[in-house]
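Written below as structure tokens is the structure these notes are about.
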Amino acid sequence: MSRITWPNGARCAAAITFDMDADSLIHVSTGDGWRRSYPVSMGRYGPTVAIPRIVETYRRLGLKQSFFIPGWCLETYPDAVETILRGDHEIGCHGWIHENPLNRTRDEQAADLDRALAAFDRVVGVRPIGYRAPVYQVTEHTVALLLERGFVYESSMMADDLPYLLRTSAGDLVEIPPHWGTDDWPPFAHYEEIGYMMPVRGPSEGLAPFFEEFEAAYETGGFWMAVVHPFLTGRLARWRVMERWLEQTLNRGDVWFATLGEIAAHVIAERDRGAEIRAEDFPYYTEPQT
Ligand SMILES: [Zn+2]
């Protein structure tokens with residue numbers, strides 16, 4: 001396994017990333033989402049109740065972390081954005097209204113990105129350097145579109161335990177890989193309208209695999225990242241479990257909690273000083289395989 005040396009002698013890098021989807025999903029997945037007040041309310045819990053709770057925990061623990069937000073959510077929930085920015089956290093791009101890039105042409109994907117970036121200009125005041133594709137669906141066009149717009153990293157693909165590089169004819173994009181073992185959709189999502197009905201786990205049981213994944217990353221000097229959602233893991237009891245774990249893990253003193261922007265900058269600095277960072281050529285395929 002290739003190694004990345006982390007700053008200040010840290011043994012392991014770690015990040016909790018929140019995708020603040022709010023109620024975007026119900027609008028893109030049904031034609032009448034605006035009438036479905038219960039799932040709208042479930043999504044609204046994220047920006048209105050969970051975000052202030054999460055940001056307060058980070059303030060108390062001195063953490064700066066990353067949030068991925070669709071452009072439509074930036075415009076619909078500016079108070080949540082302000083709360084996140086007041087905590088000095090990073091906001092990355094997560095599409096316009098959580099549209100699935102697989103259902104979009106190259107030109108449509110470009111237009112979605114540009115519409116989201118215009119929302120960043122209006123609501124955030126700075127352009128994002130990081131992107132996570134809605135439903136993780138990076139297509140053959142996505143990386144080139146991101147590089148054209150000055151993005152530095154992407155966080156949707158799963159080809160390694162450690163950050164790696166997506167090598168294209170137009171340059172490298174850092175990939176900061178998630179995986180399903182540390183995503184809160186399987187243990188906690190129960191969302192009939194979008195066809196996702198999981199048996200909901202108890203808070204400790206549902207988050208235990210995340211922490212088991214962390215121990216492996218810690219032992220090997222690797223990287224751990226949670227991909228979680230304010231309306232799921234930001235709920236009262238689940239966040240209490242995560243908060244206790246954060247306190248214990250920070251007490252170890254040798255875990256580097258950082259934003260993905262900081263981690264991407266570190267990977268680029270390591271590459272530039274000649275460290276061996278694994279790279280994958282992208283796109284993987286340019287035509288159907290038969
Ligand atoms: Zn999402």
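Every chain in the structure tokens takes a letter, A first, then B, and so on in the order presented; its residues are numbered from 1, and the ligands are numbered from 1 following the presented order.
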
Surrounding residues as a ChimeraX atom specification, ligand 1, max 10 Å, only C-alpha atoms and all ligand atoms: /A:18-22,24-25,68-70,94-95,97-100,132-136,185,227-229

Residues just named, written with N, CA and C atoms as an mmCIF file, in the first residue's frame:
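Final output, saved to out.cif:
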```cif
data_model
loop_
_atom_site.group_PDB
_atom_site.id
_atom_site.type_symbol
_atom_site.label_atom_id
_atom_site.label_comp_id
_atom_site.auth_asym_id
_atom_site.auth_seq_id
_atom_site.Cartn_x
_atom_site.Cartn_y
_atom_site.Cartn_z
ATOM 1 N N PHE A 18 -20.203 16.273 5.772
ATOM 2 C CA PHE A 18 -21.664 16.303 5.748
ATOM 3 C C PHE A 18 -22.146 16.748 4.384
ATOM 4 N N ASP A 19 -23.022 15.962 3.772
ATOM 5 C CA ASP A 19 -23.686 16.369 2.538
ATOM 6 C C ASP A 19 -25.044 16.950 2.928
ATOM 7 N N MET A 20 -25.173 18.268 2.799
ATOM 8 C CA MET A 20 -26.415 18.904 3.236
ATOM 9 C C MET A 20 -27.419 18.928 2.083
ATOM 10 N N ASP A 21 -28.061 17.783 1.873
ATOM 11 C CA ASP A 21 -29.005 17.644 0.759
ATOM 12 C C ASP A 21 -30.336 18.327 1.054
ATOM 13 N N ALA A 22 -30.660 18.492 2.338
ATOM 14 C CA ALA A 22 -31.948 19.047 2.764
ATOM 15 C C ALA A 22 -33.076 18.340 1.996
ATOM 16 N N SER A 24 -33.703 18.658 -1.251
ATOM 17 C CA SER A 24 -33.478 18.636 -2.701
ATOM 18 C C SER A 24 -33.924 17.307 -3.314
ATOM 19 N N LEU A 25 -33.651 16.195 -2.620
ATOM 20 C CA LEU A 25 -33.920 14.862 -3.178
ATOM 21 C C LEU A 25 -35.383 14.656 -3.531
ATOM 22 N N PHE A 68 -20.735 19.520 1.913
ATOM 23 C CA PHE A 68 -21.047 19.563 0.480
ATOM 24 C C PHE A 68 -22.518 19.928 0.322
ATOM 25 N N ILE A 69 -22.773 20.963 -0.488
ATOM 26 C CA ILE A 69 -24.127 21.516 -0.541
ATOM 27 C C ILE A 69 -24.529 21.805 -1.990
ATOM 28 N N PRO A 70 -25.694 21.288 -2.428
ATOM 29 C CA PRO A 70 -26.190 21.662 -3.763
ATOM 30 C C PRO A 70 -26.480 23.163 -3.824
ATOM 31 N N HIS A 94 -22.086 20.253 -4.604
ATOM 32 C CA HIS A 94 -22.786 18.957 -4.638
ATOM 33 C C HIS A 94 -23.917 19.016 -5.661
ATOM 34 N N GLY A 95 -23.579 19.574 -6.853
ATOM 35 C CA GLY A 95 -24.565 19.692 -7.921
ATOM 36 C C GLY A 95 -25.474 20.890 -7.732
ATOM 37 N N ILE A 97 -29.351 20.738 -7.860
ATOM 38 C CA ILE A 97 -30.435 20.352 -6.953
ATOM 39 C C ILE A 97 -30.434 18.828 -6.773
ATOM 40 N N HIS A 98 -29.203 18.293 -6.623
ATOM 41 C CA HIS A 98 -29.018 16.853 -6.422
ATOM 42 C C HIS A 98 -29.470 16.044 -7.628
ATOM 43 N N GLU A 99 -29.396 16.649 -8.845
ATOM 44 C CA GLU A 99 -29.695 15.901 -10.062
ATOM 45 C C GLU A 99 -28.645 14.815 -10.260
ATOM 46 N N ASN A 100 -29.068 13.664 -10.778
ATOM 47 C CA ASN A 100 -28.128 12.569 -11.005
ATOM 48 C C ASN A 100 -27.354 12.842 -12.298
ATOM 49 N N ARG A 132 -18.442 16.856 -4.681
ATOM 50 C CA ARG A 132 -18.918 15.467 -4.511
ATOM 51 C C ARG A 132 -20.150 15.324 -5.377
ATOM 52 N N ALA A 133 -20.138 14.311 -6.241
ATOM 53 C CA ALA A 133 -21.250 14.130 -7.176
ATOM 54 C C ALA A 133 -22.497 13.677 -6.421
ATOM 55 N N PRO A 134 -23.675 14.236 -6.773
ATOM 56 C CA PRO A 134 -24.913 13.685 -6.232
ATOM 57 C C PRO A 134 -24.964 12.177 -6.506
ATOM 58 N N VAL A 135 -25.396 11.423 -5.522
ATOM 59 C CA VAL A 135 -25.424 9.947 -5.561
ATOM 60 C C VAL A 135 -24.112 9.338 -6.091
ATOM 61 N N TYR A 136 -23.015 10.020 -5.844
ATOM 62 C CA TYR A 136 -21.663 9.547 -6.207
ATOM 63 C C TYR A 136 -21.479 9.338 -7.715
ATOM 64 N N TRP A 185 -26.087 6.413 4.801
ATOM 65 C CA TRP A 185 -27.327 6.050 4.103
ATOM 66 C C TRP A 185 -27.741 4.605 4.442
ATOM 67 N N VAL A 227 -18.993 9.918 5.337
ATOM 68 C CA VAL A 227 -19.894 10.674 4.456
ATOM 69 C C VAL A 227 -21.279 10.585 5.088
ATOM 70 N N VAL A 228 -21.686 11.668 5.707
ATOM 71 C CA VAL A 228 -22.918 11.637 6.497
ATOM 72 C C VAL A 228 -23.810 12.829 6.134
ATOM 73 N N HIS A 229 -25.024 12.788 6.613
ATOM 74 C CA HIS A 229 -26.037 13.767 6.215
ATOM 75 C C HIS A 229 -26.641 14.394 7.460
#
```

Spatial neighbours of Thr83 in chain A, 9 Å, only C-alpha atoms, chain gap at least 6 places, as a PyMOL selection string: chain A and resi 51-52+55

Gly9 in chain A surroundings by only C-alpha atoms, 10 Å radius, close-in-sequence under 5 positions cut, as number ranges by chain: A: 254-256

Generate a file of the selected residues that holds N, CA, C and O atoms, formatted as a short mmCIF file (atom, residue, chain, number, x, y, z; two decimals), in the first residue's frame.
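Resulting contents of out.cif:
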```cif
data_model
loop_
_atom_site.label_atom_id
_atom_site.label_comp_id
_atom_site.auth_asym_id
_atom_site.auth_seq_id
_atom_site.Cartn_x
_atom_site.Cartn_y
_atom_site.Cartn_z
N ASP A 254 -2.89 12.17 17.93
CA ASP A 254 -2.10 11.98 16.72
C ASP A 254 -2.98 11.69 15.50
O ASP A 254 -2.58 10.99 14.58
N VAL A 255 -4.19 12.24 15.55
CA VAL A 255 -5.09 12.11 14.39
C VAL A 255 -5.30 13.50 13.81
O VAL A 255 -5.65 14.44 14.52
N TRP A 256 -5.03 13.64 12.51
CA TRP A 256 -5.17 14.94 11.85
C TRP A 256 -6.57 15.08 11.28
O TRP A 256 -6.86 14.56 10.22
#
```

Selection near Tyr196 in chain A, 12 Å with only C-alpha atoms, sequence-local residues under 4 positions removed, as number ranges by chain: A: 25, 29, 185-192, 200

Skip Glu90 in chain A itself and residues of its chain fewer than 4 positions away, then list as a PDB file with N, CA and C atoms, in the first residue's frame all residues within 7 Å of it, counting only C-alpha atoms.
```pdb
ATOM      1  N   GLN A  65     -14.236  21.437   9.373  1.00  0.00           N
ATOM      2  CA  GLN A  65     -14.572  20.295   8.535  1.00  0.00           C
ATOM      3  C   GLN A  65     -15.235  20.743   7.229  1.00  0.00           C
ATOM      4  N   SER A  66     -15.582  19.772   6.384  1.00  0.00           N
ATOM      5  CA  SER A  66     -16.136  20.089   5.058  1.00  0.00           C
ATOM      6  C   SER A  66     -17.609  19.719   4.970  1.00  0.00           C
ATOM      7  N   PHE A  67     -18.357  20.569   4.270  1.00  0.00           N
ATOM      8  CA  PHE A  67     -19.780  20.350   3.994  1.00  0.00           C
ATOM      9  C   PHE A  67     -19.967  20.433   2.482  1.00  0.00           C
ATOM     10  N   THR A 259     -10.145  19.673   6.831  1.00  0.00           N
ATOM     11  CA  THR A 259     -11.101  19.763   5.727  1.00  0.00           C
ATOM     12  C   THR A 259     -10.525  18.982   4.538  1.00  0.00           C
TER      13      THR A 259
END
```

Who sits within 12 Å of Ala119 in chain A, only C-alpha atoms, same chain under 4 positions skipped, as a PyMOL selection string: chain A and resi 69-78+81+92-97+112-115+123-128

Nearby residues (only C-alpha atoms) at most 10 Å from Ala217 in chain A, same-chain spacing under 2 positions excluded, as a PyMOL selection string: chain A and resi 11-14+161-162+211-215+219-225

For Met42 in chain A, the nearest of the candidates A:Arg252, A:Arg235, A:Arg167, A:Arg244, counting only C-alpha atoms: A:Arg235

Alpha helix (DSSP H) per DSSP on the backbone: members of range 95-212 of chain A, as a VMD selection string: chain A and resid 106 to 119 142 to 148 185 to 188 203 to 212

Residues just named, written with C-alpha atoms as a PDB file, in the first residue's frame:
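Written out: result_20.pdb:
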```pdb
ATOM      1  CA  ARG A 106     -22.187  16.762 -20.971  1.00  0.00           C
ATOM      2  CA  ASP A 107     -23.704  20.170 -21.732  1.00  0.00           C
ATOM      3  CA  GLU A 108     -26.400  19.716 -19.104  1.00  0.00           C
ATOM      4  CA  GLN A 109     -23.788  18.705 -16.507  1.00  0.00           C
ATOM      5  CA  ALA A 110     -21.786  21.811 -17.389  1.00  0.00           C
ATOM      6  CA  ALA A 111     -24.891  23.990 -17.031  1.00  0.00           C
ATOM      7  CA  ASP A 112     -25.738  22.387 -13.641  1.00  0.00           C
ATOM      8  CA  LEU A 113     -22.206  23.079 -12.394  1.00  0.00           C
ATOM      9  CA  ASP A 114     -22.280  26.673 -13.619  1.00  0.00           C
ATOM     10  CA  ARG A 115     -25.668  27.257 -12.025  1.00  0.00           C
ATOM     11  CA  ALA A 116     -24.315  25.869  -8.733  1.00  0.00           C
ATOM     12  CA  LEU A 117     -21.188  28.036  -8.989  1.00  0.00           C
ATOM     13  CA  ALA A 118     -23.345  31.133  -9.527  1.00  0.00           C
ATOM     14  CA  ALA A 119     -25.128  30.239  -6.260  1.00  0.00           C
ATOM     15  CA  THR A 142     -17.344  15.105 -14.881  1.00  0.00           C
ATOM     16  CA  VAL A 143     -13.625  15.286 -14.109  1.00  0.00           C
ATOM     17  CA  ALA A 144     -12.838  17.352 -17.215  1.00  0.00           C
ATOM     18  CA  LEU A 145     -15.688  19.741 -16.406  1.00  0.00           C
ATOM     19  CA  LEU A 146     -14.332  20.154 -12.864  1.00  0.00           C
ATOM     20  CA  LEU A 147     -10.763  20.815 -14.043  1.00  0.00           C
ATOM     21  CA  GLU A 148     -12.041  23.433 -16.530  1.00  0.00           C
ATOM     22  CA  TRP A 185     -27.327   6.050   4.103  1.00  0.00           C
ATOM     23  CA  PRO A 186     -27.246   2.230   4.645  1.00  0.00           C
ATOM     24  CA  PRO A 187     -27.737   2.263   8.449  1.00  0.00           C
ATOM     25  CA  PHE A 188     -30.085   5.231   8.810  1.00  0.00           C
ATOM     26  CA  PRO A 203     -27.361   5.028  16.915  1.00  0.00           C
ATOM     27  CA  SER A 204     -24.478   3.032  18.444  1.00  0.00           C
ATOM     28  CA  GLU A 205     -25.048  -0.032  16.292  1.00  0.00           C
ATOM     29  CA  GLY A 206     -25.311   2.010  13.095  1.00  0.00           C
ATOM     30  CA  LEU A 207     -22.139   3.995  13.748  1.00  0.00           C
ATOM     31  CA  ALA A 208     -20.021   1.124  15.157  1.00  0.00           C
ATOM     32  CA  PRO A 209     -18.809   0.052  11.668  1.00  0.00           C
ATOM     33  CA  PHE A 210     -17.589   3.609  11.036  1.00  0.00           C
ATOM     34  CA  PHE A 211     -15.381   3.408  14.108  1.00  0.00           C
ATOM     35  CA  GLU A 212     -14.134  -0.077  13.217  1.00  0.00           C
TER      36      GLU A 212
END
```

Can you write out as a Markdown table which residues of range 109-169 of chain A fall within 12 Å of range 270-275 of chain A, alongside each residue's closest atom pair and its distance in Å to one decimal, counting only C-alpha atoms and ordering rows by chain and ascending residue number?
```
| residue | atom | partner | partner_atom | distance |
| --- | --- | --- | --- | --- |
| A:Pro163 | CA | A:Glu270 | CA | 11.4 |
| A:Tyr164 | CA | A:Arg271 | CA | 10.0 |
| A:Leu165 | CA | A:Arg271 | CA | 9.5 |
```

The selected residues should be written to file as a compact mmCIF listing (two decimals), in the first residue's frame (atoms: N, CA, C and O atoms).
```
# COMPACT_ATOMS: atom_id res chain seq x y z
N PRO A 163 -6.24 8.99 -0.38
CA PRO A 163 -6.39 9.92 -1.50
C PRO A 163 -5.44 9.54 -2.63
O PRO A 163 -4.32 9.08 -2.40
N TYR A 164 -5.91 9.75 -3.86
CA TYR A 164 -5.09 9.43 -5.03
C TYR A 164 -5.37 10.47 -6.11
O TYR A 164 -6.11 11.43 -5.86
N LEU A 165 -4.74 10.29 -7.26
CA LEU A 165 -4.88 11.28 -8.33
C LEU A 165 -5.67 10.70 -9.49
O LEU A 165 -5.48 9.54 -9.85
```

Minimum-distance residue to Asp23 in chain A, chosen among A:Ile4, A:Met158, A:Val40, A:Leu236 (using only C-alpha atoms):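 The shortest atom-to-atom distance to Asp23 in chain A comes from A:Val40.
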
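With distances restricted to only C-alpha atoms, A:Val174 is the closest residue to Glu280 in chain A from A:Val174, A:Ile129, A:Leu85, A:Leu63.
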
Shortest interatomic distance to Asn8 in chain A - which of A:His141, A:Arg122, A:Arg240, A:His266, counting only C-alpha atoms: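 When distances to Asn8 in chain A are compared using only C-alpha atoms, the smallest one comes from A:His266.
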
DSSP strand (DSSP E) selection over range 57-285 of chain A, as an MDAnalysis selection string: chainID A and resid 66:69 90:93 130:131 153:154 164:168 171:175 190:191 196:197 223:228 255:257 279:281

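Taking only C-alpha atoms into account, Glu140 in chain A lies nearest to A:Phe282 out of the set A:Tyr58, A:Phe282, A:Trp6, A:Phe231.
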
Between CA of Ile277 in chain A and CA of Arg3 in chain A, distance in Å (one decimal): 7.8 Å

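Take the candidates A:Ser41, A:Gln137, A:Thr17, A:Gln289 and check each one against Leu260 in chain A using only C-alpha atoms; the shortest distance goes to A:Thr17.
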